[in-house]
Amino acid sequence: MSECTHDCSSCGESCAERQEPQSLLKEHNPNARVGKVYGVVSGKGGVGKSMVTSQLAVIMRRRGFQVGVLDADVTGPSIPKVFGIHGRAEGTQGGLLPKESRTGIQIMSTNLLLEHETDPVIWRGPIISGVVQQFWTDVLWNCDYLFVDMPPGTGDVSLSVFQSIPLDGLIIVTSPQELVSMVVEKAVKMAEMMEVPIVGLVENMSYASCPDCSKKLYLFGQGKTAEAAKRHNLPVLAEMPIDPALAALSDAGDIESFQGSWLDGAAGKLAEI
């Protein structure tokens, strides 16, 4: 047996180091401080991950915590817009500085790197995955809670986040439609494969409130998310309504002014953990 060079790619030996899986997790910037890290995911797009991520960040900030949002939806970033953040991020010799919202929420997104925020991101998978990793390894975060707004589905970028960022848990966002069972199944299986614990489910667009009597109108039916959660022994953390006021605040870049207690239970769960 020849002397080990620690380069497994050029070695044919079946040693213990080669047989044991090597961790791909990356360290955050040595000058950064990061507490708990939670990913907000779904098995499909269009269910409101960014809305849930934004509101969780706002609630935790209102509770006095330092909060950051890593926008991992590289090709469809929306976090800067809902917080009303424009312009380009700046850097120092120590790392990349996140932009701060009106209330002090730290944010990093590809939109903050582009010359014009409406420019499309036409990059291939490996480049996109590399950028997401750099948002973790190069940014000077200073937060108790870092929320990762994941891209839809289970592709390259999602896999890169799971493998490179040490997530403390996942929040799965669904909508009350017939596809909910399949969407939850995909997200749960990926979490299990990557050995990341699931905090629970949030159902978005659950109902609309009647403007006259405040009765809840379940436009897409009721109970589908609860059934899917029960099959996987997961809690339903919140049922969020269809609220035109939220859409208006997002369009105006003023999500930090939203009023509503739908996600208070989910935020409490995170604080307990």
# chains A, B, ... in the order shown; residues from 1 in each chain; ligands from 1
>>> select_by_dssp(residues="stretch 133-234 of chain A", states="strand (DSSP E)", output="ChimeraX atom specification")
/A:142-149,169-174,198-203,208-209,216-217
>>> residues_around(residues="A:Lys186", least_positions_apart="2", cutoff="12 Å", atoms="only C-alpha atoms", output="ChimeraX atom specification")
/A:41-44,152-155,172-174,179-184,188-193,228,232
>>> residues_around(residues="stretch 48-62 of chain A", least_positions_apart="5", cutoff="10 Å", atoms="only C-alpha atoms", output="ChimeraX atom specification")
/A:38-42,67-71,73,77-80,82-83,103-106,144-152,171-175,202-205,240,246-247,250,255-264,266-268,270-271
>>> residues_around(residues="A:Thr118", least_positions_apart="2", cutoff="12 Å", atoms="only C-alpha atoms", output="ChimeraX atom specification")
/A:75-78,80-81,86-87,110-116,120-121
>>> residues_around(residues="A:Ser23", least_positions_apart="3", cutoff="12 Å", atoms="only C-alpha atoms", output="VMD selection string")
chain A and resid 17 20 26 to 27 162 to 166 194
>>> write_last_selection(atoms="all heavy atoms", output="compact mmCIF listing (two decimals), in the first residue's frame")
# COMPACT_ATOMS: atom_id res chain seq x y z
N GLU A 17 -11.17 6.19 5.33
CA GLU A 17 -11.47 7.59 5.00
C GLU A 17 -12.28 7.68 3.71
O GLU A 17 -13.14 8.52 3.56
CB GLU A 17 -10.16 8.37 4.85
CG GLU A 17 -10.39 9.86 4.60
CD GLU A 17 -9.09 10.64 4.58
OE1 GLU A 17 -8.06 10.09 5.01
OE2 GLU A 17 -9.13 11.81 4.16
N GLU A 20 -16.07 6.32 4.39
CA GLU A 20 -16.96 7.17 5.16
C GLU A 20 -17.35 8.40 4.35
O GLU A 20 -16.50 9.06 3.75
CB GLU A 20 -16.27 7.61 6.46
CG GLU A 20 -16.01 6.47 7.42
CD GLU A 20 -15.28 6.94 8.66
OE1 GLU A 20 -15.05 8.17 8.77
OE2 GLU A 20 -14.94 6.09 9.50
N LYS A 26 -20.36 23.85 4.73
CA LYS A 26 -19.39 24.95 4.71
C LYS A 26 -19.49 25.75 6.01
O LYS A 26 -20.54 25.86 6.62
CB LYS A 26 -19.68 25.88 3.53
CG LYS A 26 -19.79 25.19 2.18
CD LYS A 26 -18.46 24.67 1.70
CE LYS A 26 -18.58 24.10 0.30
NZ LYS A 26 -17.31 23.51 -0.18
N GLU A 27 -18.37 26.36 6.39
CA GLU A 27 -18.35 27.26 7.53
C GLU A 27 -18.81 28.64 7.06
O GLU A 27 -18.51 29.06 5.94
CB GLU A 27 -16.94 27.37 8.11
CG GLU A 27 -16.42 26.08 8.73
CD GLU A 27 -17.09 25.77 10.06
OE1 GLU A 27 -17.67 26.71 10.66
OE2 GLU A 27 -17.03 24.61 10.49
N PHE A 162 -28.97 22.37 1.03
CA PHE A 162 -29.02 21.28 2.00
C PHE A 162 -27.61 20.76 2.33
O PHE A 162 -27.30 20.43 3.47
CB PHE A 162 -29.87 20.13 1.47
CG PHE A 162 -31.34 20.30 1.67
CD1 PHE A 162 -32.18 20.55 0.60
CD2 PHE A 162 -31.90 20.21 2.93
CE1 PHE A 162 -33.54 20.71 0.79
CE2 PHE A 162 -33.25 20.37 3.13
CZ PHE A 162 -34.08 20.62 2.06
N GLN A 163 -26.76 20.68 1.30
CA GLN A 163 -25.45 20.08 1.49
C GLN A 163 -24.43 21.04 2.09
O GLN A 163 -23.51 20.62 2.79
CB GLN A 163 -24.92 19.56 0.14
CG GLN A 163 -25.65 18.34 -0.36
CD GLN A 163 -25.06 17.81 -1.66
OE1 GLN A 163 -24.57 18.57 -2.49
NE2 GLN A 163 -25.10 16.50 -1.84
N SER A 164 -24.57 22.34 1.81
CA SER A 164 -23.52 23.27 2.21
C SER A 164 -23.85 24.11 3.44
O SER A 164 -22.94 24.59 4.13
CB SER A 164 -23.16 24.20 1.04
OG SER A 164 -24.28 24.95 0.62
N ILE A 165 -25.14 24.33 3.72
CA ILE A 165 -25.52 25.17 4.85
C ILE A 165 -26.08 24.30 5.98
O ILE A 165 -26.99 23.51 5.75
CB ILE A 165 -26.58 26.22 4.42
CG1 ILE A 165 -26.00 27.12 3.32
CG2 ILE A 165 -27.03 27.06 5.60
CD1 ILE A 165 -26.99 28.14 2.78
N PRO A 166 -25.55 24.41 7.18
CA PRO A 166 -26.03 23.58 8.29
C PRO A 166 -27.40 24.05 8.80
O PRO A 166 -27.49 24.83 9.74
CB PRO A 166 -24.94 23.76 9.36
CG PRO A 166 -24.35 25.11 9.06
CD PRO A 166 -24.42 25.29 7.58
N MET A 194 -31.75 14.27 3.32
CA MET A 194 -30.66 15.16 3.69
C MET A 194 -30.50 15.28 5.20
O MET A 194 -29.65 16.02 5.70
CB MET A 194 -30.88 16.56 3.09
CG MET A 194 -31.10 16.56 1.58
SD MET A 194 -29.85 15.64 0.64
CE MET A 194 -28.38 16.57 1.00
